[in-house]
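Okay, final.cif is below, mmCIF, C-alpha atoms:
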```cif
data_structure
loop_
_atom_site.label_atom_id
_atom_site.label_comp_id
_atom_site.auth_asym_id
_atom_site.auth_seq_id
_atom_site.Cartn_x
_atom_site.Cartn_y
_atom_site.Cartn_z
CA MET A 121 0.00 0.00 0.00
CA THR A 122 1.43 3.43 -0.94
CA THR A 123 1.81 6.21 1.60
CA LEU A 124 -0.82 8.27 -0.21
CA GLN A 125 -3.29 5.38 -0.20
CA GLU A 126 -2.64 4.77 3.50
CA SER A 127 -3.06 8.47 4.20
CA ILE A 128 -6.41 8.80 2.44
CA LEU A 129 -7.75 5.64 4.09
CA ASN A 130 -6.64 6.94 7.52
CA GLN A 131 -8.31 10.27 6.81
CA TYR A 132 -11.52 8.42 5.92
CA ARG A 133 -11.35 6.37 9.14
CA GLU A 134 -10.82 9.57 11.19
CA THR A 135 -13.73 11.30 9.45
CA PHE A 136 -16.08 8.33 9.60
CA PRO A 137 -14.79 6.13 12.43
CA ASN A 138 -17.92 3.95 12.66
CA ASP A 139 -18.38 3.21 8.97
CA LYS A 140 -18.81 -0.39 7.88
CA LEU A 141 -17.97 -1.68 4.37
CA LYS A 142 -21.50 -0.98 3.14
CA ASP A 143 -21.16 2.63 4.34
CA TYR A 144 -17.89 3.01 2.42
CA CYS A 145 -19.72 1.68 -0.63
CA ALA A 146 -22.68 4.03 -0.19
CA LYS A 147 -20.48 7.11 0.26
CA THR A 148 -17.91 6.42 -2.46
CA GLY A 149 -19.83 4.42 -5.03
CA ILE A 150 -17.06 1.81 -5.02
CA GLN A 151 -18.22 -1.80 -5.01
CA ILE A 152 -18.13 -3.51 -1.63
CA THR A 153 -15.78 -6.30 -2.76
CA ARG A 154 -13.39 -3.76 -4.21
CA ILE A 155 -13.48 -1.72 -0.95
CA HIS A 156 -12.59 -4.87 0.97
CA ARG A 157 -9.61 -5.56 -1.30
CA VAL A 158 -8.34 -1.96 -1.15
CA LEU A 159 -8.59 -1.93 2.65
CA ASN A 160 -6.54 -5.11 2.66
CA GLY A 161 -3.74 -3.72 0.57
CA ALA A 162 -4.80 -3.93 -3.08
CA GLU A 163 -3.56 -0.95 -5.06
CA MET A 164 -6.11 1.83 -5.28
CA LYS A 165 -7.10 3.26 -8.65
CA LEU A 166 -6.96 7.01 -9.15
CA SER A 167 -10.76 7.13 -9.62
CA GLU A 168 -11.18 5.31 -6.30
CA PHE A 169 -8.80 7.74 -4.58
CA GLU A 170 -10.82 10.67 -5.92
CA ALA A 171 -14.11 9.08 -4.83
CA ILE A 172 -12.82 8.54 -1.27
CA GLU A 173 -11.35 12.06 -1.18
CA LYS A 174 -14.70 13.50 -2.29
CA ALA A 175 -16.52 11.47 0.37
CA ILE A 176 -14.19 12.91 3.04
CA GLN A 177 -14.51 16.50 1.83
CA GLY A 178 -18.24 16.33 1.30
CA ASP A 179 -20.20 18.42 -1.17
CA ASP A 180 -19.43 21.73 0.46
CA PRO A 181 -17.76 23.94 -2.18
CA ILE A 182 -16.17 26.01 0.61
CA THR A 183 -14.26 22.94 1.83
CA GLU A 184 -13.04 22.12 -1.68
CA ASP A 185 -11.99 25.73 -2.22
CA PHE A 186 -10.19 25.82 1.14
CA ILE A 187 -8.16 22.72 0.29
CA LYS A 188 -7.28 24.08 -3.19
CA THR A 189 -6.17 27.38 -1.66
CA ALA A 190 -4.11 25.54 0.95
CA PHE A 191 -2.26 23.63 -1.82
CA LYS A 192 -1.63 26.90 -3.71
CA CYS A 193 -0.21 28.44 -0.54
CA ILE A 194 2.13 25.47 -0.03
CA LYS A 195 3.50 25.99 -3.56
CA LYS A 196 3.71 29.79 -3.50
CA LEU A 197 4.50 30.92 0.05
CA ASN A 198 7.76 30.63 1.95
CA SER A 199 8.11 28.19 4.85
CA LYS A 200 7.89 30.95 7.47
CA LYS A 201 4.52 32.12 6.18
CA ILE A 202 3.22 28.53 5.87
CA SER A 203 4.28 27.86 9.46
CA GLU A 204 2.46 31.04 10.53
CA TYR A 205 -0.79 29.94 8.86
CA LYS A 206 -0.42 26.45 10.27
CA ASN A 207 -0.06 27.91 13.80
CA GLN A 208 -3.17 30.06 13.24
CA MET A 209 -5.14 27.02 12.11
CA ASN A 210 -3.97 25.00 15.12
CA HIS A 211 -5.03 27.88 17.35
CA ALA A 212 -8.48 27.93 15.72
CA LEU A 213 -8.78 24.15 16.18
CA LYS A 214 -7.91 24.45 19.87
CA LEU A 215 -10.55 27.15 20.39
CA ALA A 216 -13.15 25.04 18.56
CA THR A 217 -12.29 21.97 20.67
CA MET A 218 -12.59 24.05 23.85
CA THR A 219 -16.22 24.81 23.15
CA GLU A 220 -17.19 21.33 21.93
CA LEU A 221 -15.68 18.82 24.30
CA GLN A 222 -17.66 17.90 27.37
CA VAL A 223 -15.30 16.85 30.14
CA GLN A 224 -16.35 15.04 33.31
CA PRO A 225 -14.45 16.67 36.20
CA GLN A 226 -13.44 13.37 37.76
CA LEU A 227 -11.92 12.08 34.53
CA PHE A 228 -9.01 14.44 34.23
CA GLU A 229 -5.94 14.01 36.36
CA MET A 230 -5.01 16.70 38.79
CA ARG A 231 -1.67 16.70 40.51
CA LEU A 232 -1.91 17.42 44.20
CA ALA A 233 0.19 20.39 45.18
CA MET B 45 7.95 22.09 24.94
CA ASN B 46 5.83 24.47 22.86
CA TYR B 47 2.67 25.11 24.84
CA ASN B 48 0.85 26.98 22.03
CA ILE B 49 -1.35 28.47 24.68
CA THR B 50 -4.63 30.13 23.70
CA LEU B 51 -6.06 33.29 25.23
CA PRO B 52 -8.79 31.51 27.20
CA GLU B 53 -6.08 29.27 28.73
CA ARG B 54 -3.96 32.31 29.48
CA MET B 55 -6.95 33.94 31.15
CA ILE B 56 -7.42 30.96 33.47
CA LEU B 57 -3.72 30.92 34.34
CA GLU B 58 -3.84 34.65 34.99
CA SER B 59 -6.83 34.22 37.27
CA LEU B 60 -5.11 31.43 39.21
CA SER B 61 -1.87 33.39 39.47
CA LYS B 62 -3.69 35.95 41.63
CA LYS B 63 -5.37 33.40 43.91
CA SER B 64 -6.33 29.71 44.01
CA LYS B 65 -9.92 29.26 42.94
CA ASP B 66 -12.57 26.60 42.58
CA LEU B 67 -14.61 26.11 39.39
CA LEU B 68 -17.35 28.52 40.43
CA GLU B 69 -14.87 31.25 41.35
CA LEU B 70 -13.02 30.77 38.06
CA THR B 71 -16.26 30.96 36.09
CA ASP B 72 -17.23 34.09 37.96
CA CYS B 73 -13.81 35.72 37.52
CA THR B 74 -13.45 35.02 33.81
CA GLY B 75 -17.07 35.15 32.65
CA LEU B 76 -16.48 31.93 30.69
CA GLN B 77 -19.07 29.14 30.68
CA ASP B 78 -18.34 26.46 33.27
CA ARG B 79 -17.99 23.64 30.70
CA ILE B 80 -15.39 25.70 28.81
CA VAL B 81 -13.52 26.38 32.06
CA GLN B 82 -13.58 22.63 32.79
CA ASN B 83 -12.19 21.84 29.33
CA ILE B 84 -9.44 24.41 29.76
CA LEU B 85 -8.57 23.09 33.22
CA SER B 86 -8.18 19.56 31.86
CA VAL B 87 -5.84 20.83 29.12
CA LEU B 88 -3.78 22.89 31.58
CA ALA B 89 -3.59 19.96 34.00
CA ALA B 90 -2.39 17.68 31.20
CA LYS B 91 0.38 20.21 30.50
CA ASN B 92 1.28 20.25 34.24
CA LEU B 93 0.60 23.97 34.44
CA ILE B 94 -2.00 23.73 37.20
CA ALA B 95 -2.62 21.59 40.25
CA THR B 96 -5.20 21.29 43.02
CA HIS B 97 -4.83 22.19 46.65
CA HIS B 98 -7.63 21.95 49.23
CA ASN B 99 -10.21 21.43 46.44
CA LYS B 100 -9.13 24.57 44.62
CA TYR B 101 -7.11 24.96 41.44
CA CYS B 102 -3.75 26.69 41.59
CA ILE B 103 -0.67 27.30 39.48
CA SER B 104 1.58 24.26 39.55
CA GLU B 105 4.61 24.59 41.81
CA TYR B 106 6.62 23.05 38.94
CA LEU B 107 6.00 26.10 36.74
CA ASN B 108 9.52 27.49 36.42
CA SER B 109 11.01 30.48 34.59
CA ASP B 110 11.84 28.40 31.48
CA MET B 111 8.23 27.29 31.22
CA VAL B 112 7.02 30.86 31.70
CA LYS B 113 9.36 31.93 28.90
CA GLU B 114 7.84 29.32 26.59
CA LEU B 115 4.32 30.35 27.62
CA ASN B 116 5.23 33.86 26.55
CA ASP B 117 6.67 32.77 23.20
CA PRO B 118 6.44 35.89 20.98
CA GLU B 119 5.12 33.98 17.93
CA ASN B 120 2.26 32.52 19.95
CA LYS B 121 1.51 35.90 21.57
CA LYS B 122 1.35 37.42 18.09
CA ILE B 123 -1.40 34.93 17.16
CA GLU B 124 -3.27 35.75 20.38
CA ILE B 125 -3.13 39.48 19.61
CA GLN B 126 -4.36 38.81 16.07
CA TYR B 127 -7.31 36.92 17.55
CA VAL B 128 -8.09 39.75 19.95
CA LEU B 129 -8.03 42.28 17.09
CA LYS B 130 -10.14 40.07 14.82
CA SER B 131 -12.70 39.39 17.56
CA THR B 132 -12.82 43.11 18.35
CA LEU B 133 -13.44 43.98 14.70
CA ASP B 134 -16.08 41.23 14.43
CA MET B 135 -17.93 42.70 17.40
CA LYS B 136 -18.58 45.84 15.28
CA GLN B 137 -18.66 48.25 18.21
CA LYS B 138 -17.58 51.71 17.05
CA GLU B 139 -15.86 52.54 20.33
CA ALA B 140 -13.89 49.25 20.30
CA PHE B 141 -11.41 49.95 17.52
CA ASN B 142 -10.83 53.04 15.39
CA TYR B 143 -8.11 53.95 12.97
CA LYS B 144 -7.46 56.64 10.43
CA LYS B 145 -4.76 57.40 7.87
CA VAL B 146 -3.43 60.94 8.35
CA SER B 147 -0.56 63.22 7.40
CA MET B 148 1.25 65.00 10.24
CA ASN B 149 3.90 67.70 10.07
CA ASP B 150 6.70 67.76 12.67
CA ARG B 151 4.78 69.98 15.08
CA GLU B 152 1.66 67.83 14.83
CA LYS B 153 3.81 64.70 15.34
CA LYS B 154 5.20 66.18 18.55
CA ILE B 155 1.68 66.95 19.79
CA PHE B 156 0.60 63.43 18.91
CA ASN B 157 3.61 61.88 20.69
CA GLY B 158 2.75 64.03 23.73
CA HIS B 159 -0.78 62.61 23.78
CA ILE B 160 0.58 59.06 23.48
CA TYR B 161 3.02 59.71 26.34
CA ASN B 162 0.19 60.98 28.57
CA LEU B 163 -2.00 58.03 27.60
CA GLU B 164 0.75 55.53 28.44
CA ALA B 165 1.39 57.25 31.77
CA PHE B 166 -2.32 57.06 32.57
CA ILE B 167 -2.50 53.36 31.56
CA ASP B 168 0.56 52.55 33.70
CA SER B 169 -1.06 54.27 36.68
CA LEU B 170 -4.23 52.20 36.22
CA ASP B 171 -2.29 48.94 36.41
CA LYS B 172 -0.93 49.72 39.85
CA ASN B 173 -4.26 50.68 41.38
CA LYS B 174 -6.53 47.72 40.74
CA LYS B 175 -5.21 44.26 41.48
CA ASP B 176 -8.32 42.30 42.42
CA GLU B 177 -10.65 43.28 39.62
CA GLN B 178 -12.55 40.37 38.06
CA LEU B 179 -10.77 39.56 34.79
CA LYS B 180 -14.05 39.62 32.84
CA ASN B 181 -14.49 43.30 33.79
CA GLN B 182 -11.06 44.40 32.57
CA ASN B 183 -10.62 46.33 29.33
CA ILE B 184 -8.14 45.74 26.53
CA ILE B 185 -6.83 49.05 25.22
CA PHE B 186 -5.19 49.46 21.81
CA TRP B 187 -2.87 52.27 20.88
CA GLY B 188 0.03 52.99 18.57
CA GLU B 189 0.75 54.26 15.11
CA VAL B 190 2.61 52.99 12.09
CA ASN B 191 3.94 54.46 8.88
CA TYR B 192 1.61 53.65 5.96
CA GLY B 193 4.39 53.02 3.45
CA LYS B 194 6.39 50.83 5.84
CA VAL B 195 3.46 48.65 6.77
CA ILE B 196 2.47 48.00 3.15
CA ASN B 197 6.07 47.20 2.22
CA HIS B 198 6.34 44.89 5.21
CA MET B 199 3.19 43.10 4.04
CA LEU B 200 4.72 42.59 0.60
CA ASN B 201 8.02 41.31 1.91
CA PHE B 202 6.32 38.04 2.76
#
```
Go through the file and emit its structure as structure tokens.
Amino acid sequence: MTTLQESILNQYRETFPNDKLKDYCAKTGIQITRIHRVLNGAEMKLSEFEAIEKAIQGDDPITEDFIKTAFKCIKKLNSKKISEYKNQMNHALKLATMTELQVQPQLFEMRLA
Amino acid sequence: MNYNITLPERMILESLSKKSKDLLELTDCTGLQDRIVQNILSVLAAKNLIATHHNKYCISEYLNSDMVKELNDPENKKIEIQYVLKSTLDMKQKEAFNYKKVSMNDREKKIFNGHIYNLEAFIDSLDKNKKDEQLKNQNIIFWGEVNYGKVINHMLNF
């Protein structure tokens, strides 16, 4: 399995952690037997890669545009600027997580002073 | 370690640096929702920045000067300031943020610098007077000026 194939399959699993083979099939349009073989190491076709990528990104044109712009930035901008944008995005992710996650007080460890 | 601390986390640490507090006191001091405070506390605890003592949260005794230096990493602080400015602009309150492009001759520049000096002296005097104010009631003040040509050129140098 190539790194790119592994990466896209991992992204799919992170996006849809509870999907079964039939869900993969429904979302990507790839036959269930073919999904099974790809998940077990058979080389992915480009059309299959694109179908899985589209399933991950969804139909939102904003998402597609964001990813295209990100790739353009990687090609055009210097590493300092890319690092800056990456830090900003990480910051935004942290703020979003702060408002979403529900934490039970007894679950997190506290060190006694 | 790069803590990549966010402003809400910094606010909690700031609150605890004044006095140990329980969840209710932290919520009251910061004005943040209690579930958000709980989330932040779990993150800060995981980073060993806070601890508990007599059922109250406090700054960890292991927080040393090197860790403080990393918490105040200039690159991270720059992102925090950008977020403050963006949030301020998004709030669309006229009194929150104003700016204007102007031309000043030397005399006018001196008058302007005099005003800035007085403003900074006033702001410095405020800091000394009120130590126990609830953080949620504090105000963030912006001031400064920049050369139009320099800032545009700086933008393009990236």
Selection under test: the PyMOL selection byres ((chain B and resi 61-69) around 8); residues as an MDAnalysis selection string: chainID B and resid 57:60 70:73 78 81:82 99:103 176
Take the residues from that selection and write them out as an mmCIF file, in the frame of the given file, keeping C-alpha atoms.
```
data_model
loop_
_atom_site.group_PDB
_atom_site.id
_atom_site.type_symbol
_atom_site.label_atom_id
_atom_site.label_comp_id
_atom_site.auth_asym_id
_atom_site.auth_seq_id
_atom_site.Cartn_x
_atom_site.Cartn_y
_atom_site.Cartn_z
ATOM 1 C CA LEU B 57 -3.720 30.920 34.340
ATOM 2 C CA GLU B 58 -3.840 34.650 34.990
ATOM 3 C CA SER B 59 -6.830 34.220 37.270
ATOM 4 C CA LEU B 60 -5.110 31.430 39.210
ATOM 5 C CA LEU B 70 -13.020 30.770 38.060
ATOM 6 C CA THR B 71 -16.260 30.960 36.090
ATOM 7 C CA ASP B 72 -17.230 34.090 37.960
ATOM 8 C CA CYS B 73 -13.810 35.720 37.520
ATOM 9 C CA ASP B 78 -18.340 26.460 33.270
ATOM 10 C CA VAL B 81 -13.520 26.380 32.060
ATOM 11 C CA GLN B 82 -13.580 22.630 32.790
ATOM 12 C CA ASN B 99 -10.210 21.430 46.440
ATOM 13 C CA LYS B 100 -9.130 24.570 44.620
ATOM 14 C CA TYR B 101 -7.110 24.960 41.440
ATOM 15 C CA CYS B 102 -3.750 26.690 41.590
ATOM 16 C CA ILE B 103 -0.670 27.300 39.480
ATOM 17 C CA ASP B 176 -8.320 42.300 42.420
#
```
Spatial neighbours of Met121 in chain A, 10 Å, all atoms listed in the file, chain gap at least 4 places, as a ChimeraX atom specification: /A:125-127,158-164
Counting all atoms listed in the file, chain B residues within 8 Å of chain A, as a PyMOL selection string: chain B and resi 48+50+79-80+82-84+86+89-90+92+94-97+104-105+123+202
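Between CA of Asp179 in chain A and CA of Asp134 in chain B the separation is 27.9 Å.
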Residues matched by the PyMOL selection byres ((chain A and resi 168) around 10) as an MDAnalysis selection string: chainID A and resid 125 148:150 154:155 158 163:167 169:174
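Between CA of Gly188 in chain B and CA of Lys138 in chain B lies a distance of 17.7 Å.
In this model, the gap between CA of Asn142 in chain B and CA of Lys130 in chain B comes to 13.0 Å.
Residue nearest Leu76 in chain B within the list B:Ile125, B:Val112, B:Pro52, B:Glu177: B:Pro52 [criterion: smallest interatomic distance, only C-alpha atoms].
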Hits of the PyMOL selection byres ((chain B and resi 114) around 10) in this structure, as number ranges by chain: B: 45-49, 109-113, 115-118, 120
Ref. answer, residues at most 12 Å from (-8.2, 42.0, 30.9) with all atoms listed in the file, as a compact mmCIF listing (two decimals) with C-alpha atoms, in the frame of the given file:
```txt
# COMPACT_ATOMS: atom_id res chain seq x y z
CA LEU B 51 -6.06 33.29 25.23
CA PRO B 52 -8.79 31.51 27.20
CA ARG B 54 -3.96 32.31 29.48
CA MET B 55 -6.95 33.94 31.15
CA ILE B 56 -7.42 30.96 33.47
CA GLU B 58 -3.84 34.65 34.99
CA SER B 59 -6.83 34.22 37.27
CA CYS B 73 -13.81 35.72 37.52
CA THR B 74 -13.45 35.02 33.81
CA GLY B 75 -17.07 35.15 32.65
CA VAL B 128 -8.09 39.75 19.95
CA ASP B 171 -2.29 48.94 36.41
CA LYS B 174 -6.53 47.72 40.74
CA LYS B 175 -5.21 44.26 41.48
CA ASP B 176 -8.32 42.30 42.42
CA GLU B 177 -10.65 43.28 39.62
CA GLN B 178 -12.55 40.37 38.06
CA LEU B 179 -10.77 39.56 34.79
CA LYS B 180 -14.05 39.62 32.84
CA ASN B 181 -14.49 43.30 33.79
CA GLN B 182 -11.06 44.40 32.57
CA ASN B 183 -10.62 46.33 29.33
CA ILE B 184 -8.14 45.74 26.53
CA ILE B 185 -6.83 49.05 25.22
```
Take every atom of range 137-149 of chain A listed in the file, pad by 3 Å on each side, and give me the axis-aligned box centre and edge lengths in Å, one decimal, as lines of an AutoDock Vina configuration file.
```
center_x = -18.7
center_y = 2.7
center_z = 3.8
size_x = 13.9
size_y = 14.8
size_z = 23.7
```
